[in-house]
Each structure stands twice: as structure tokens, then as C-alpha cells.
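Just below is one structure, and these are the notes that go with it.
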Amino acid sequence: MLKMNVGFVDRVVRVIVGLALLSLFFIYPGAAWRYGLLVGLVPLLTGLFGTCPLYTLLGISTCPAGKA
């Protein structure tokens with residue numbers, strides 16, 4: 001199991017950004033560039049699971065429990 005390293009505010013922002021990008025994917029069904037919006041899955045999933053692999057590699061944690 002991955003260690004939680006994303007704090008509450010960070011998680012909320014990630015979920016909102018992820019949902020916004022994914023909603024644009026469905027709003028523009030004919031656009032060829034819309035598949036780039038699937039990158040919204042990354043912030044959505046990291047926000048939902050509370051862990052960010054990039055944060056782990058860089059040794060960053062915005063989670064207050066991880067700082068103790």
C-alpha cells in the first residue's frame with residue numbers, strides 16, 4: 001500500500017481539476033485534441049487515493065500526518 005502524502009486541500013484541488021478536465025473531454029466529442037484531456041485522470045486518481053508517485057520520488061508531503 002502506498003503511503004498517503006497528499007493533504008486535504010491538495011486532494012480537493014486535484015479532484016476539482018481532474019473532474020474539470022474530464023468534463024471537457026465529454027463536452028467536445030468531435031475535437032481531435034480532446035484525448036489530451038484524459039490527463040485529467042491523473043489528478044483525479046491521485047486526489048481520490050491520497051498518494052502521488054511524483055511526490056514520493058521528490059520526498060514531498062502535504063499531508064499533516066506524514067510530517068509527524
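We name chains A, B, ... following the order of the C-alpha cells; residues begin at 1 in each chain, and ligands are numbered from 1 as shown.
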Polymer residues at most 12 Å from range 53-65 of chain A, only C-alpha atoms, same-chain spacing of 6 or more positions, as a list in words: Leu2, Lys3, Met4, Asn5, Val6, Gly7, Phe8, Val9, Asp10, Arg11, Val42, Pro43, Leu45, Thr46 and Gly47 of chain A
Give the alpha helix (DSSP H) residues of chain A, as DSSP finds them on the backbone, and put them as a PyMOL selection string. chain A and resi 8-27+41-49+53-58
Selected residues written out with N, CA, C and O atoms, as a short mmCIF file (atom, residue, chain, number, x, y, z; two decimals), in the first residue's frame:
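Output saved as out_19.cif:
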```
data_model
loop_
_atom_site.label_atom_id
_atom_site.label_comp_id
_atom_site.auth_asym_id
_atom_site.auth_seq_id
_atom_site.Cartn_x
_atom_site.Cartn_y
_atom_site.Cartn_z
N PHE A 8 -5.37 17.45 2.59
CA PHE A 8 -6.78 17.63 2.28
C PHE A 8 -7.00 18.68 1.19
O PHE A 8 -7.73 18.44 0.22
N VAL A 9 -6.43 19.86 1.34
CA VAL A 9 -6.63 20.93 0.35
C VAL A 9 -6.07 20.50 -1.00
O VAL A 9 -6.70 20.71 -2.04
N ASP A 10 -4.91 19.90 -1.00
CA ASP A 10 -4.28 19.40 -2.22
C ASP A 10 -5.18 18.37 -2.90
O ASP A 10 -5.36 18.38 -4.11
N ARG A 11 -5.79 17.49 -2.11
CA ARG A 11 -6.67 16.47 -2.66
C ARG A 11 -7.91 17.09 -3.29
O ARG A 11 -8.33 16.69 -4.38
N VAL A 12 -8.50 18.07 -2.63
CA VAL A 12 -9.70 18.72 -3.15
C VAL A 12 -9.39 19.42 -4.47
O VAL A 12 -10.14 19.30 -5.44
N VAL A 13 -8.28 20.13 -4.52
CA VAL A 13 -7.88 20.82 -5.76
C VAL A 13 -7.64 19.82 -6.88
O VAL A 13 -8.08 20.03 -8.02
N ARG A 14 -6.97 18.72 -6.58
CA ARG A 14 -6.71 17.70 -7.60
C ARG A 14 -8.00 17.10 -8.15
O ARG A 14 -8.13 16.89 -9.35
N VAL A 15 -8.95 16.81 -7.27
CA VAL A 15 -10.22 16.23 -7.71
C VAL A 15 -10.98 17.22 -8.59
O VAL A 15 -11.51 16.86 -9.65
N ILE A 16 -11.01 18.48 -8.20
CA ILE A 16 -11.72 19.50 -8.98
C ILE A 16 -11.07 19.67 -10.36
O ILE A 16 -11.77 19.71 -11.38
N VAL A 17 -9.76 19.77 -10.40
CA VAL A 17 -9.05 19.92 -11.68
C VAL A 17 -9.27 18.69 -12.55
O VAL A 17 -9.53 18.80 -13.76
N GLY A 18 -9.17 17.51 -11.97
CA GLY A 18 -9.37 16.28 -12.72
C GLY A 18 -10.77 16.19 -13.30
O GLY A 18 -10.95 15.85 -14.48
N LEU A 19 -11.78 16.52 -12.50
CA LEU A 19 -13.16 16.48 -12.99
C LEU A 19 -13.40 17.55 -14.06
O LEU A 19 -14.13 17.30 -15.03
N ALA A 20 -12.78 18.71 -13.91
CA ALA A 20 -12.93 19.77 -14.92
C ALA A 20 -12.35 19.32 -16.26
O ALA A 20 -12.97 19.50 -17.31
N LEU A 21 -11.16 18.73 -16.24
CA LEU A 21 -10.55 18.27 -17.48
C LEU A 21 -11.35 17.14 -18.12
O LEU A 21 -11.55 17.12 -19.34
N LEU A 22 -11.82 16.22 -17.31
CA LEU A 22 -12.60 15.12 -17.85
C LEU A 22 -13.96 15.58 -18.37
O LEU A 22 -14.47 15.03 -19.35
N SER A 23 -14.54 16.59 -17.76
CA SER A 23 -15.81 17.10 -18.26
C SER A 23 -15.63 17.75 -19.62
O SER A 23 -16.49 17.61 -20.50
N LEU A 24 -14.51 18.42 -19.85
CA LEU A 24 -14.23 18.99 -21.17
C LEU A 24 -14.08 17.90 -22.22
O LEU A 24 -14.42 18.10 -23.38
N PHE A 25 -13.58 16.75 -21.81
CA PHE A 25 -13.46 15.61 -22.73
C PHE A 25 -14.83 15.25 -23.29
O PHE A 25 -14.97 14.95 -24.48
N PHE A 26 -15.85 15.27 -22.45
CA PHE A 26 -17.19 14.90 -22.90
C PHE A 26 -17.95 16.06 -23.54
O PHE A 26 -18.89 15.85 -24.29
N ILE A 27 -17.56 17.30 -23.25
CA ILE A 27 -18.23 18.46 -23.83
C ILE A 27 -17.86 18.62 -25.31
O ILE A 27 -18.68 19.07 -26.12
N LEU A 41 -7.31 12.27 -15.61
CA LEU A 41 -7.38 11.07 -14.76
C LEU A 41 -6.28 11.07 -13.71
O LEU A 41 -6.48 10.55 -12.61
N VAL A 42 -5.14 11.64 -14.03
CA VAL A 42 -4.01 11.63 -13.09
C VAL A 42 -4.33 12.43 -11.83
O VAL A 42 -4.25 11.88 -10.72
N PRO A 43 -4.71 13.71 -11.95
CA PRO A 43 -5.02 14.42 -10.70
C PRO A 43 -6.25 13.86 -9.99
O PRO A 43 -6.31 13.86 -8.76
N LEU A 44 -7.21 13.37 -10.76
CA LEU A 44 -8.41 12.80 -10.14
C LEU A 44 -8.06 11.58 -9.30
O LEU A 44 -8.45 11.47 -8.13
N LEU A 45 -7.29 10.67 -9.84
CA LEU A 45 -6.93 9.45 -9.11
C LEU A 45 -5.99 9.73 -7.94
O LEU A 45 -6.14 9.14 -6.87
N THR A 46 -5.02 10.63 -8.14
CA THR A 46 -4.11 10.94 -7.03
C THR A 46 -4.87 11.65 -5.92
O THR A 46 -4.56 11.47 -4.74
N GLY A 47 -5.87 12.46 -6.27
CA GLY A 47 -6.69 13.10 -5.25
C GLY A 47 -7.57 12.12 -4.51
O GLY A 47 -7.74 12.21 -3.31
N LEU A 48 -8.14 11.17 -5.23
CA LEU A 48 -9.02 10.19 -4.60
C LEU A 48 -8.26 9.22 -3.70
O LEU A 48 -8.72 8.86 -2.62
N PHE A 49 -7.08 8.80 -4.14
CA PHE A 49 -6.31 7.83 -3.37
C PHE A 49 -5.41 8.49 -2.32
O PHE A 49 -4.92 7.82 -1.41
N PRO A 53 2.71 9.59 -6.81
CA PRO A 53 4.02 8.98 -7.06
C PRO A 53 5.14 10.01 -7.25
O PRO A 53 6.27 9.79 -6.81
N LEU A 54 4.82 11.15 -7.87
CA LEU A 54 5.84 12.18 -8.07
C LEU A 54 6.27 12.78 -6.73
O LEU A 54 7.45 13.03 -6.50
N TYR A 55 5.31 13.00 -5.84
CA TYR A 55 5.65 13.48 -4.50
C TYR A 55 6.56 12.49 -3.79
O TYR A 55 7.48 12.87 -3.08
N THR A 56 6.29 11.20 -3.97
CA THR A 56 7.12 10.18 -3.33
C THR A 56 8.55 10.25 -3.85
O THR A 56 9.51 10.19 -3.08
N LEU A 57 8.70 10.39 -5.17
CA LEU A 57 10.05 10.47 -5.76
C LEU A 57 10.81 11.70 -5.28
O LEU A 57 12.02 11.66 -5.08
N LEU A 58 10.09 12.81 -5.12
CA LEU A 58 10.72 14.06 -4.72
C LEU A 58 10.81 14.23 -3.20
O LEU A 58 11.41 15.19 -2.71
#
```
